[in-house]
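Structure below is my_file_12.cif: mmCIF, C-alpha atoms and all ligand atoms.
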```cif
data_target
loop_
_atom_site.label_atom_id
_atom_site.label_comp_id
_atom_site.auth_asym_id
_atom_site.auth_seq_id
_atom_site.Cartn_x
_atom_site.Cartn_y
_atom_site.Cartn_z
CA VAL A 1465 -25.36 55.73 -9.99
CA SER A 1466 -23.34 52.89 -11.53
CA ASP A 1467 -19.54 53.02 -11.83
CA GLU A 1468 -19.98 53.55 -15.57
CA GLN A 1469 -22.33 56.49 -15.07
CA PHE A 1470 -19.96 57.96 -12.49
CA VAL A 1471 -16.95 57.70 -14.83
CA ASP A 1472 -18.85 58.94 -17.88
CA ALA A 1473 -20.05 62.01 -15.99
CA LEU A 1474 -16.50 62.98 -14.95
CA PRO A 1475 -15.03 65.62 -17.26
CA LYS A 1476 -11.66 64.13 -18.14
CA VAL A 1477 -8.27 65.15 -19.47
CA GLU A 1478 -5.84 62.69 -21.07
CA LEU A 1479 -2.14 63.49 -20.62
CA HIS A 1480 -0.46 60.36 -21.91
CA VAL A 1481 -1.69 58.69 -25.07
CA HIS A 1482 0.24 57.93 -28.27
CA LEU A 1483 -1.27 58.82 -31.62
CA GLU A 1484 0.31 55.84 -33.40
CA GLY A 1485 -0.80 53.56 -30.59
CA SER A 1486 -4.40 54.79 -30.95
CA MET A 1487 -5.20 53.28 -34.35
CA LEU A 1488 -8.56 51.55 -34.15
CA PRO A 1489 -8.50 47.91 -35.34
CA GLY A 1490 -10.68 48.75 -38.35
CA THR A 1491 -8.34 51.58 -39.29
CA VAL A 1492 -5.23 49.39 -39.10
CA LEU A 1493 -6.89 46.80 -41.34
CA ALA A 1494 -8.23 49.38 -43.82
CA LEU A 1495 -4.93 51.25 -44.13
CA ALA A 1496 -2.96 47.99 -44.47
CA ARG A 1497 -5.26 47.00 -47.35
CA ARG A 1498 -5.14 50.43 -48.98
CA HIS A 1499 -1.34 50.54 -48.93
CA GLN A 1500 -0.80 46.82 -49.42
CA VAL A 1501 1.24 46.39 -46.25
CA ASP A 1502 1.56 42.62 -46.08
CA ASP A 1503 3.12 41.86 -42.68
CA ILE A 1504 0.04 43.00 -40.72
CA PRO A 1505 -2.83 40.72 -39.61
CA THR A 1506 -5.88 40.88 -41.87
CA THR A 1507 -8.73 40.27 -39.39
CA GLU A 1508 -9.70 41.86 -36.09
CA ALA A 1509 -9.30 38.51 -34.31
CA ALA A 1510 -5.78 38.08 -35.68
CA LEU A 1511 -4.99 41.66 -34.73
CA ARG A 1512 -6.08 40.99 -31.13
CA GLU A 1513 -3.79 37.98 -31.03
CA TRP A 1514 -0.96 40.06 -32.50
CA TYR A 1515 -1.46 42.48 -29.59
CA ALA A 1516 -0.80 39.76 -26.97
CA PHE A 1517 2.67 40.95 -26.03
CA LYS A 1518 5.28 38.60 -24.55
CA ASP A 1519 7.12 41.53 -22.98
CA PHE A 1520 7.89 45.23 -23.45
CA ASN A 1521 10.37 44.70 -26.30
CA HIS A 1522 7.88 42.53 -28.13
CA PHE A 1523 5.36 45.37 -27.76
CA LEU A 1524 7.84 47.83 -29.31
CA GLU A 1525 8.49 45.44 -32.23
CA VAL A 1526 4.78 45.17 -32.99
CA TYR A 1527 4.40 48.95 -32.63
CA ARG A 1528 7.17 49.61 -35.16
CA THR A 1529 5.52 47.21 -37.61
CA ALA A 1530 2.00 48.58 -37.10
CA VAL A 1531 2.99 52.17 -37.93
CA LYS A 1532 3.94 51.09 -41.45
CA VAL A 1533 0.26 51.40 -42.42
CA LEU A 1534 0.57 55.21 -41.99
CA ARG A 1535 1.82 56.44 -45.34
CA ASP A 1536 0.38 59.81 -46.33
CA GLU A 1537 -1.12 63.04 -45.09
CA ASP A 1538 -4.67 61.69 -45.22
CA ASP A 1539 -3.72 58.74 -43.00
CA PHE A 1540 -2.37 61.08 -40.33
CA ALA A 1541 -5.40 63.37 -40.62
CA LEU A 1542 -7.74 60.37 -40.25
CA LEU A 1543 -5.82 59.02 -37.26
CA ALA A 1544 -5.67 62.38 -35.48
CA ARG A 1545 -9.37 63.04 -36.10
CA GLU A 1546 -10.46 59.54 -35.01
CA THR A 1547 -8.28 59.62 -31.92
CA ALA A 1548 -9.57 63.01 -30.80
CA LEU A 1549 -13.20 62.11 -31.54
CA GLY A 1550 -12.77 58.86 -29.60
CA LEU A 1551 -11.57 60.84 -26.62
CA ALA A 1552 -14.35 63.41 -26.95
CA ALA A 1553 -16.89 60.55 -26.87
CA GLN A 1554 -15.49 59.59 -23.43
CA ASN A 1555 -16.11 63.08 -22.07
CA VAL A 1556 -12.47 64.05 -22.51
CA ARG A 1557 -12.24 67.81 -22.98
CA TYR A 1558 -8.51 68.21 -23.51
CA ALA A 1559 -5.63 65.88 -24.39
CA GLU A 1560 -1.86 66.04 -24.76
CA ILE A 1561 -1.03 63.41 -27.37
CA TYR A 1562 2.41 61.99 -28.16
CA PHE A 1563 3.46 61.29 -31.69
CA THR A 1564 6.85 60.25 -33.06
CA PRO A 1565 7.62 62.08 -36.31
CA TYR A 1566 11.09 60.57 -36.75
CA ILE A 1567 9.82 57.00 -37.21
CA HIS A 1568 7.70 58.21 -40.13
CA ALA A 1569 10.38 60.42 -41.70
CA MET A 1570 12.83 57.49 -41.57
CA ARG A 1571 10.34 55.41 -43.61
CA GLY A 1572 10.21 58.10 -46.27
CA VAL A 1573 6.95 59.85 -45.33
CA PRO A 1574 7.54 63.57 -46.01
CA ILE A 1575 7.66 65.27 -42.63
CA GLU A 1576 5.53 68.19 -43.91
CA ASP A 1577 2.79 65.67 -44.71
CA VAL A 1578 2.91 64.14 -41.23
CA PHE A 1579 2.47 67.53 -39.56
CA ALA A 1580 -0.09 68.79 -42.11
CA GLY A 1581 -2.09 65.61 -41.51
CA VAL A 1582 -2.14 65.64 -37.73
CA GLU A 1583 -2.90 69.38 -37.69
CA ARG A 1584 -5.83 68.88 -40.10
CA GLY A 1585 -7.22 66.08 -37.93
CA ARG A 1586 -6.81 68.21 -34.82
CA ALA A 1587 -8.71 71.11 -36.42
CA GLU A 1588 -11.50 68.85 -37.71
CA ALA A 1589 -12.04 67.26 -34.30
CA TYR A 1590 -12.10 70.66 -32.63
CA ALA A 1591 -14.66 71.95 -35.13
CA ALA A 1592 -16.84 68.86 -34.61
CA THR A 1593 -16.76 68.56 -30.81
CA GLY A 1594 -14.75 71.39 -29.23
CA ILE A 1595 -12.14 68.92 -27.94
CA ASP A 1596 -8.79 70.64 -27.66
CA ILE A 1597 -5.71 68.52 -28.31
CA ARG A 1598 -2.02 69.41 -28.25
CA TRP A 1599 1.01 67.45 -29.43
CA ILE A 1600 4.05 66.14 -27.62
CA THR A 1601 6.70 65.20 -30.18
CA ASP A 1602 8.38 62.04 -28.96
CA ILE A 1603 11.98 61.04 -29.59
CA PRO A 1604 12.09 57.29 -30.29
CA GLY A 1605 14.63 56.13 -27.72
CA GLY A 1606 16.90 53.27 -28.71
CA LEU A 1607 16.14 52.85 -32.42
CA PRO A 1608 18.28 49.87 -33.45
CA GLY A 1609 21.35 51.11 -35.30
CA ALA A 1610 20.48 54.81 -35.19
CA ASP A 1611 22.59 57.75 -34.00
CA MET A 1612 20.38 58.74 -31.07
CA ARG A 1613 21.69 62.29 -30.68
CA MET A 1614 20.90 62.95 -34.33
CA VAL A 1615 17.42 61.42 -33.97
CA ALA A 1616 16.78 63.63 -30.93
CA GLU A 1617 18.06 66.77 -32.65
CA ARG A 1618 15.92 66.03 -35.71
CA THR A 1619 12.81 65.53 -33.58
CA VAL A 1620 13.29 68.91 -31.88
CA GLU A 1621 13.85 70.53 -35.28
CA TYR A 1622 10.59 69.05 -36.58
CA ALA A 1623 8.71 70.26 -33.50
CA THR A 1624 9.98 73.81 -33.75
CA THR A 1625 9.75 74.05 -37.56
CA TYR A 1626 6.38 72.41 -38.24
CA GLY A 1627 4.67 72.35 -34.91
CA GLY A 1628 2.87 75.68 -35.09
CA THR A 1629 0.80 76.18 -31.99
CA GLY A 1630 -0.13 72.50 -31.78
CA VAL A 1631 3.09 71.28 -30.17
CA ILE A 1632 3.48 71.92 -26.46
CA GLY A 1633 6.16 69.47 -25.44
CA ILE A 1634 9.01 67.13 -26.20
CA GLY A 1635 9.28 63.55 -24.97
CA VAL A 1636 11.37 60.45 -25.33
CA GLY A 1637 9.81 56.99 -25.49
CA GLY A 1638 10.61 53.50 -26.68
CA ALA A 1639 13.29 51.52 -24.86
CA GLU A 1640 14.72 52.75 -21.56
CA VAL A 1641 17.06 49.88 -20.79
CA GLY A 1642 20.37 50.67 -22.49
CA VAL A 1643 19.18 54.17 -23.45
CA PRO A 1644 20.58 56.52 -20.79
CA ARG A 1645 18.62 59.79 -20.63
CA PRO A 1646 21.61 62.17 -20.31
CA GLN A 1647 22.45 61.73 -24.03
CA PHE A 1648 19.25 63.69 -24.79
CA ALA A 1649 20.21 66.67 -22.63
CA GLU A 1650 21.17 69.01 -25.52
CA ALA A 1651 18.05 68.19 -27.50
CA PHE A 1652 15.80 68.79 -24.50
CA ALA A 1653 17.64 72.02 -23.67
CA ALA A 1654 17.04 73.28 -27.22
CA ALA A 1655 13.36 72.30 -27.03
CA ARG A 1656 12.90 74.01 -23.67
CA GLN A 1657 14.67 77.10 -25.02
CA ALA A 1658 12.00 77.14 -27.74
CA GLY A 1659 9.27 77.09 -25.08
CA LEU A 1660 8.41 73.38 -25.14
CA ARG A 1661 7.74 71.38 -21.97
CA SER A 1662 9.75 68.30 -21.04
CA ILE A 1663 7.78 65.06 -20.66
CA PRO A 1664 10.14 62.06 -20.94
CA HIS A 1665 9.13 58.43 -20.37
CA ALA A 1666 11.14 57.09 -17.44
CA GLY A 1667 10.82 54.50 -14.70
CA GLU A 1668 8.53 52.28 -16.80
CA THR A 1669 10.93 49.48 -17.77
CA SER A 1670 14.01 50.67 -15.89
CA GLY A 1671 14.52 51.90 -12.35
CA ALA A 1672 14.71 55.12 -10.37
CA ARG A 1673 18.02 56.17 -12.00
CA THR A 1674 16.22 56.96 -15.28
CA VAL A 1675 13.71 59.15 -13.44
CA TRP A 1676 16.52 60.99 -11.62
CA ASP A 1677 18.31 61.51 -14.95
CA SER A 1678 15.10 62.83 -16.51
CA ILE A 1679 14.74 65.39 -13.73
CA GLU A 1680 18.37 66.41 -13.55
CA HIS A 1681 19.43 66.24 -17.22
CA LEU A 1682 16.17 66.74 -19.12
CA GLY A 1683 14.38 69.19 -16.79
CA ALA A 1684 11.29 66.97 -16.68
CA ASP A 1685 8.04 68.87 -16.07
CA ARG A 1686 6.21 65.54 -15.86
CA ILE A 1687 7.29 61.91 -16.16
CA GLY A 1688 5.68 59.27 -18.39
CA HIS A 1689 4.92 56.28 -16.15
CA GLY A 1690 7.62 56.72 -13.45
CA ILE A 1691 6.18 53.83 -11.44
CA ARG A 1692 9.64 52.47 -10.61
CA SER A 1693 10.28 55.67 -8.62
CA LEU A 1694 9.11 53.66 -5.63
CA ASP A 1695 12.47 51.86 -5.75
CA ASP A 1696 14.01 54.99 -4.19
CA PRO A 1697 12.46 56.81 -1.20
CA ALA A 1698 14.63 59.89 -1.87
CA LEU A 1699 13.16 60.13 -5.37
CA ILE A 1700 9.61 59.82 -4.02
CA GLU A 1701 10.43 62.70 -1.67
CA ARG A 1702 11.73 64.76 -4.60
CA LEU A 1703 8.61 64.13 -6.76
CA ARG A 1704 6.36 65.01 -3.83
CA THR A 1705 8.13 68.21 -2.74
CA ASP A 1706 8.90 69.54 -6.24
CA ARG A 1707 5.44 68.47 -7.46
CA ILE A 1708 6.69 66.56 -10.50
CA PRO A 1709 3.70 64.52 -11.71
CA LEU A 1710 3.74 60.95 -12.98
CA ASP A 1711 1.43 59.99 -15.88
CA VAL A 1712 0.33 56.49 -14.84
CA SER A 1713 -1.23 53.85 -17.15
CA PRO A 1714 -2.10 50.66 -15.24
CA THR A 1715 -3.39 48.48 -18.09
CA SER A 1716 -0.39 49.41 -20.26
CA ASN A 1717 1.92 48.22 -17.47
CA LEU A 1718 0.07 44.90 -17.27
CA ARG A 1719 -0.01 44.33 -21.02
CA THR A 1720 3.71 45.06 -21.49
CA GLY A 1721 4.50 42.82 -18.53
CA VAL A 1722 6.18 45.43 -16.32
CA VAL A 1723 3.54 44.89 -13.59
CA ALA A 1724 2.10 41.43 -12.88
CA ASP A 1725 -1.55 42.30 -12.17
CA TYR A 1726 -3.87 45.09 -10.99
CA ALA A 1727 -3.52 43.93 -7.38
CA SER A 1728 0.20 44.66 -7.44
CA HIS A 1729 -0.01 47.91 -9.42
CA PRO A 1730 1.82 50.72 -7.57
CA LEU A 1731 -0.73 53.51 -8.25
CA PRO A 1732 -2.45 53.29 -4.83
CA THR A 1733 0.95 53.41 -3.10
CA LEU A 1734 2.04 56.44 -5.14
CA ILE A 1735 -1.19 58.22 -4.13
CA ALA A 1736 -0.66 57.29 -0.47
CA GLU A 1737 2.91 58.65 -0.70
CA GLY A 1738 1.57 62.01 -1.87
CA VAL A 1739 3.17 61.83 -5.32
CA PRO A 1740 1.21 63.85 -7.92
CA VAL A 1741 -0.31 61.33 -10.37
CA SER A 1742 -2.92 61.12 -13.11
CA LEU A 1743 -4.59 58.23 -14.92
CA ASN A 1744 -3.91 57.64 -18.63
CA SER A 1745 -4.41 55.12 -21.43
CA ASP A 1746 -1.03 55.12 -23.32
CA ASP A 1747 -1.85 52.96 -26.41
CA PRO A 1748 -5.49 52.06 -25.79
CA PRO A 1749 -6.49 49.74 -28.69
CA MET A 1750 -3.16 47.91 -28.50
CA PHE A 1751 -3.70 47.28 -24.79
CA GLY A 1752 -7.42 46.53 -25.08
CA THR A 1753 -8.38 49.55 -23.02
CA THR A 1754 -9.73 53.11 -23.15
CA LEU A 1755 -9.32 56.04 -20.77
CA ARG A 1756 -12.84 55.24 -19.53
CA ASP A 1757 -11.72 51.66 -18.82
CA GLU A 1758 -8.69 52.93 -16.87
CA TYR A 1759 -11.02 54.90 -14.60
CA LEU A 1760 -13.22 51.82 -14.16
CA HIS A 1761 -10.16 49.67 -13.35
CA ALA A 1762 -9.08 52.27 -10.78
CA LEU A 1763 -12.43 51.82 -9.02
CA ARG A 1764 -12.86 48.08 -9.37
CA ASP A 1765 -9.36 46.60 -9.60
CA LEU A 1766 -7.14 49.10 -7.80
CA GLY A 1767 -9.61 49.62 -4.98
CA LEU A 1768 -9.70 53.42 -5.22
CA SER A 1769 -12.75 55.26 -3.91
CA ARG A 1770 -14.95 57.45 -6.09
CA ALA A 1771 -13.61 60.49 -4.24
CA THR A 1772 -10.01 59.50 -5.06
CA VAL A 1773 -10.88 58.79 -8.68
CA ALA A 1774 -12.55 62.20 -8.98
CA GLU A 1775 -9.36 63.71 -7.53
CA LEU A 1776 -7.33 61.89 -10.20
CA ALA A 1777 -9.50 63.48 -12.88
CA ALA A 1778 -8.96 66.95 -11.37
CA ALA A 1779 -5.23 66.22 -10.97
CA ALA A 1780 -4.93 65.65 -14.73
CA VAL A 1781 -6.32 69.15 -15.30
CA HIS A 1782 -3.79 70.61 -12.85
CA HIS A 1783 -0.87 68.66 -14.36
CA SER A 1784 -1.76 69.70 -17.92
CA PHE A 1785 -0.02 72.55 -19.70
CA LEU A 1786 -3.22 74.53 -20.12
CA THR A 1787 -3.18 78.16 -19.00
CA PRO A 1788 -4.60 78.79 -15.48
CA ASP A 1789 -7.86 80.25 -16.83
CA ARG A 1790 -8.39 77.23 -19.11
CA LYS A 1791 -7.76 74.89 -16.16
CA GLU A 1792 -10.27 76.82 -14.09
CA ALA A 1793 -12.87 76.39 -16.82
CA LEU A 1794 -12.37 72.60 -16.80
CA LEU A 1795 -12.67 72.11 -13.05
N1 LIG B 1801 5.60 54.28 -27.12
C1 LIG B 1801 4.32 53.92 -27.14
N2 LIG B 1801 3.96 53.40 -25.97
C2 LIG B 1801 5.04 53.44 -25.17
C3 LIG B 1801 5.32 53.05 -23.85
N3 LIG B 1801 4.38 52.50 -23.06
N4 LIG B 1801 6.57 53.22 -23.37
C4 LIG B 1801 7.51 53.74 -24.14
N5 LIG B 1801 7.31 54.13 -25.39
C5 LIG B 1801 6.09 53.98 -25.91
ZN ZN B 1802 3.80 56.18 -23.41
#
```

Would you mind giving the structure from this file in structure tokens?
Ligand code: ADE
Ligand code: ZN
Amino acid sequence: VSDEQFVDALPKVELHVHLEGSMLPGTVLALARRHQVDDIPTTEAALREWYAFKDFNHFLEVYRTAVKVLRDEDDFALLARETALGLAAQNVRYAEIYFTPYIHAMRGVPIEDVFAGVERGRAEAYAATGIDIRWITDIPGGLPGADMRMVAERTVEYATTYGGTGVIGIGVGGAEVGVPRPQFAEAFAAARQAGLRSIPHAGETSGARTVWDSIEHLGADRIGHGIRSLDDPALIERLRTDRIPLDVSPTSNLRTGVVADYASHPLPTLIAEGVPVSLNSDDPPMFGTTLRDEYLHALRDLGLSRATVAELAAAAVHHSFLTPDRKEALL
């Protein structure tokens, strides 16, 4: 069989994808028109050019501008439904999807509408395809000018007040440089007290220290990216022995400029070191990828065998927060 047939036949789980980073080009353009958002490109070609990021901070700037097209409950329902259906079409059976309620609340979108929208989209996609998705509410790290402890506290409040059964975890994303993880310790403790899992981004744009802090101060159950863990052999040992998984997204790392090319991507080394890892898409349309493409890149550009790639797909099931019987059913 071809690589494509092999990848398509693999039942997959996605553990690291952002809802706001999953807007299809046509959806960005349509919502920008509907709400008359005027600092967004107006053609798909211009949008592609807009998504050519100079560096990670440039990516974050574009991200913060792009989300302005999301204005009401229907927008969030549409985005959640489209995102889940897009995953289902790639033979993804289950997904844990980040979204960042604070950045919408701060723009004046009623927080009830954000949650009502994403929950409606989640239910519609489940009814249509049986794909099961869960939410990870993400704290936007390093919002310019914001009181970060307040932002973190608010995000946990939203998750526990409006999340219902859809929210399974708390994360922190955005900038890492200049945003030390220990300041989020109280917010993560409150979230964990409420039964949420801890899935911070760390070791994407800053080094091993951020990953250590995420383990020691935030009780990380998994780490978003974590590729810079290789800077510290003691950290690699810790991830391996305590079985703390890294959610790895190769194309994201290339497109934000934190890794130069596929040939120098650390995923094969992490696998060889025995670190638990899975393969993920992060912000697929913004990075010109899909989860399917990430699996194809793993085969063709990272030099992983089909057996290893199949193991990565099974690893994502194991690293998910599904119950043991649900995991069993997916394997
Ligand atoms: N938010 C969306 N994508 C992100 C990434 N790759 N890193 C940090 N925060 C993000
Ligand atoms: Zn991410």

Point to revise | Within 8 Å of ligand LIG 1801 (chain B) (only C-alpha atoms and all ligand atoms), residues as a ChimeraX atom specification | key: /A:1481-1482,1484-1485,1524,1527,1604-1605,1636-1640,1665,1668,1688-1689,1716-1717,1720,1746-1747

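The residue that comes closest to ligand ZN 1802 (chain B), out of A:Glu1588, A:Glu1650, A:Glu1478, A:Asp1538 and on the basis of all atoms listed in the file, is A:Glu1478.
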
Point to revise | Test item: which residues lie within 8 Å of (-2.3, 69.5, -23.0) counting only C-alpha atoms, as JSON, numbers by chain | key: {"A": [1478, 1479, 1558, 1559, 1560, 1561, 1597, 1598, 1599, 1632, 1784, 1785, 1786]}

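Reported to one decimal place, the separation of CA of Phe1470 in chain A from CA of Leu1760 in chain A is 9.3 Å.
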
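CA of Thr1715 in chain A sits 6.8 Å away from CA of Phe1751 in chain A.
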
Practice item. For CA of Ala1589 in chain A and CA of Arg1545 in chain A, quote the distance in Å rounded to one decimal. Key: 5.3 Å

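Nearest residue to ligand ZN 1802 (chain B), choosing from A:Leu1543, A:Ile1679, A:Leu1710, A:Val1741 and counting all atoms listed in the file: A:Leu1710.
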
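Between Met1487 in chain A and the residues A:Ser1742, A:Gln1657, A:Ser1769, A:Thr1547, the shortest atom-to-atom distance, using all atoms listed in the file, involves A:Thr1547.
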
Practice item. Name the closest residue to ligand ZN 1802 (chain B) among the candidates A:Ala1580, A:Val1712, A:Ala1655, A:Ala1793; distances are taken between atoms, counting all atoms listed in the file. Key: A:Val1712

Review point. Around (9.6, 72.5, -22.5) in the file's frame, which residues reach within 12 Å when counting all atoms listed in the file? Return as a VMD selection string?
Key: chain A and resid 1600 to 1601 1620 1623 to 1624 1631 to 1635 1651 to 1664 1682 to 1686 1785

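Proximity of A:Arg1704, A:Arg1673, A:His1480, A:His1522 to ligand ZN 1802 (chain B), computed with only C-alpha atoms and all ligand atoms, is greatest for A:His1480.
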
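The residue set within 12 Å of Glu1508 in chain A, counting all atoms listed in the file and dropping same-chain residues fewer than 4 places from it, reads Leu1488, Pro1489, Gly1490, Thr1491, Val1492, Leu1493, Ala1494, Ile1504, Arg1512, Glu1513, Trp1514, Tyr1515, Pro1749 and Met1750 of chain A.
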
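Distance annotation: of A:Ala1544, A:Ala1496, A:Ala1510, A:Val1578, the residue with the minimal separation from Tyr1626 in chain A is A:Val1578; atom set is only C-alpha atoms.
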
Exercise for review: Find the residues around range 1467-1469 of chain A up to 9 Å (only C-alpha atoms counted), leave out those fewer than 6 positions away in its own chain, and share them as number ranges by chain.
Suggested key: A: 1756, 1760, 1763-1764, 1770

Model the absent atoms of range 1496-1520 of chain A so that N, CA and C atoms are present, and write the result as an mmCIF file, in the coordinates of the input.
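The resulting part_2.cif:
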```cif
data_model
loop_
_atom_site.group_PDB
_atom_site.id
_atom_site.type_symbol
_atom_site.label_atom_id
_atom_site.label_comp_id
_atom_site.auth_asym_id
_atom_site.auth_seq_id
_atom_site.Cartn_x
_atom_site.Cartn_y
_atom_site.Cartn_z
ATOM 1 N N ALA A 1496 -3.859 49.051 -43.992
ATOM 2 C CA ALA A 1496 -2.960 47.990 -44.470
ATOM 3 C C ALA A 1496 -3.411 47.514 -45.858
ATOM 4 N N ARG A 1497 -4.737 47.406 -46.037
ATOM 5 C CA ARG A 1497 -5.260 47.000 -47.350
ATOM 6 C C ARG A 1497 -4.986 48.071 -48.389
ATOM 7 N N ARG A 1498 -5.286 49.341 -48.016
ATOM 8 C CA ARG A 1498 -5.140 50.430 -48.980
ATOM 9 C C ARG A 1498 -3.686 50.527 -49.472
ATOM 10 N N HIS A 1499 -2.750 50.360 -48.547
ATOM 11 C CA HIS A 1499 -1.340 50.540 -48.930
ATOM 12 C C HIS A 1499 -0.623 49.225 -49.173
ATOM 13 N N GLN A 1500 -1.364 48.140 -49.166
ATOM 14 C CA GLN A 1500 -0.800 46.820 -49.420
ATOM 15 C C GLN A 1500 0.410 46.515 -48.527
ATOM 16 N N VAL A 1501 0.221 46.759 -47.234
ATOM 17 C CA VAL A 1501 1.240 46.390 -46.250
ATOM 18 C C VAL A 1501 0.982 44.937 -45.881
ATOM 19 N N ASP A 1502 1.905 44.040 -46.153
ATOM 20 C CA ASP A 1502 1.560 42.620 -46.080
ATOM 21 C C ASP A 1502 2.034 41.890 -44.820
ATOM 22 N N ASP A 1503 2.730 42.585 -43.897
ATOM 23 C CA ASP A 1503 3.120 41.860 -42.680
ATOM 24 C C ASP A 1503 2.268 42.261 -41.474
ATOM 25 N N ILE A 1504 0.990 42.586 -41.750
ATOM 26 C CA ILE A 1504 0.040 43.000 -40.720
ATOM 27 C C ILE A 1504 -1.135 42.022 -40.763
ATOM 28 N N PRO A 1505 -1.672 41.629 -39.602
ATOM 29 C CA PRO A 1505 -2.830 40.720 -39.610
ATOM 30 C C PRO A 1505 -3.991 41.301 -40.433
ATOM 31 N N THR A 1506 -4.839 40.409 -40.964
ATOM 32 C CA THR A 1506 -5.880 40.880 -41.870
ATOM 33 C C THR A 1506 -7.292 40.756 -41.292
ATOM 34 N N THR A 1507 -7.415 40.288 -40.034
ATOM 35 C CA THR A 1507 -8.730 40.270 -39.390
ATOM 36 C C THR A 1507 -8.597 40.853 -37.982
ATOM 37 N N GLU A 1508 -9.733 41.290 -37.442
ATOM 38 C CA GLU A 1508 -9.700 41.860 -36.090
ATOM 39 C C GLU A 1508 -9.263 40.824 -35.061
ATOM 40 N N ALA A 1509 -9.676 39.573 -35.262
ATOM 41 C CA ALA A 1509 -9.300 38.510 -34.310
ATOM 42 C C ALA A 1509 -7.785 38.297 -34.341
ATOM 43 N N ALA A 1510 -7.223 38.272 -35.548
ATOM 44 C CA ALA A 1510 -5.780 38.080 -35.680
ATOM 45 C C ALA A 1510 -5.018 39.268 -35.102
ATOM 46 N N LEU A 1511 -5.603 40.444 -35.268
ATOM 47 C CA LEU A 1511 -4.990 41.660 -34.730
ATOM 48 C C LEU A 1511 -4.941 41.588 -33.198
ATOM 49 N N ARG A 1512 -6.045 41.138 -32.597
ATOM 50 C CA ARG A 1512 -6.080 40.990 -31.130
ATOM 51 C C ARG A 1512 -4.994 40.035 -30.651
ATOM 52 N N GLU A 1513 -4.819 38.957 -31.387
ATOM 53 C CA GLU A 1513 -3.790 37.980 -31.030
ATOM 54 C C GLU A 1513 -2.388 38.585 -31.178
ATOM 55 N N TRP A 1514 -2.252 39.387 -32.229
ATOM 56 C CA TRP A 1514 -0.960 40.060 -32.500
ATOM 57 C C TRP A 1514 -0.602 41.001 -31.347
ATOM 58 N N TYR A 1515 -1.644 41.533 -30.692
ATOM 59 C CA TYR A 1515 -1.460 42.480 -29.590
ATOM 60 C C TYR A 1515 -1.295 41.779 -28.219
ATOM 61 N N ALA A 1516 -1.100 40.456 -28.236
ATOM 62 C CA ALA A 1516 -0.800 39.760 -26.970
ATOM 63 C C ALA A 1516 0.720 39.761 -26.822
ATOM 64 N N PHE A 1517 1.233 40.724 -26.046
ATOM 65 C CA PHE A 1517 2.670 40.950 -26.030
ATOM 66 C C PHE A 1517 3.372 40.058 -25.009
ATOM 67 N N LYS A 1518 4.495 39.468 -25.448
ATOM 68 C CA LYS A 1518 5.280 38.600 -24.550
ATOM 69 C C LYS A 1518 5.985 39.445 -23.493
ATOM 70 N N ASP A 1519 6.429 40.625 -23.902
ATOM 71 C CA ASP A 1519 7.120 41.530 -22.980
ATOM 72 C C ASP A 1519 7.193 42.911 -23.624
ATOM 73 N N PHE A 1520 7.859 43.844 -22.963
ATOM 74 C CA PHE A 1520 7.890 45.230 -23.450
ATOM 75 C C PHE A 1520 8.572 45.331 -24.827
#
```
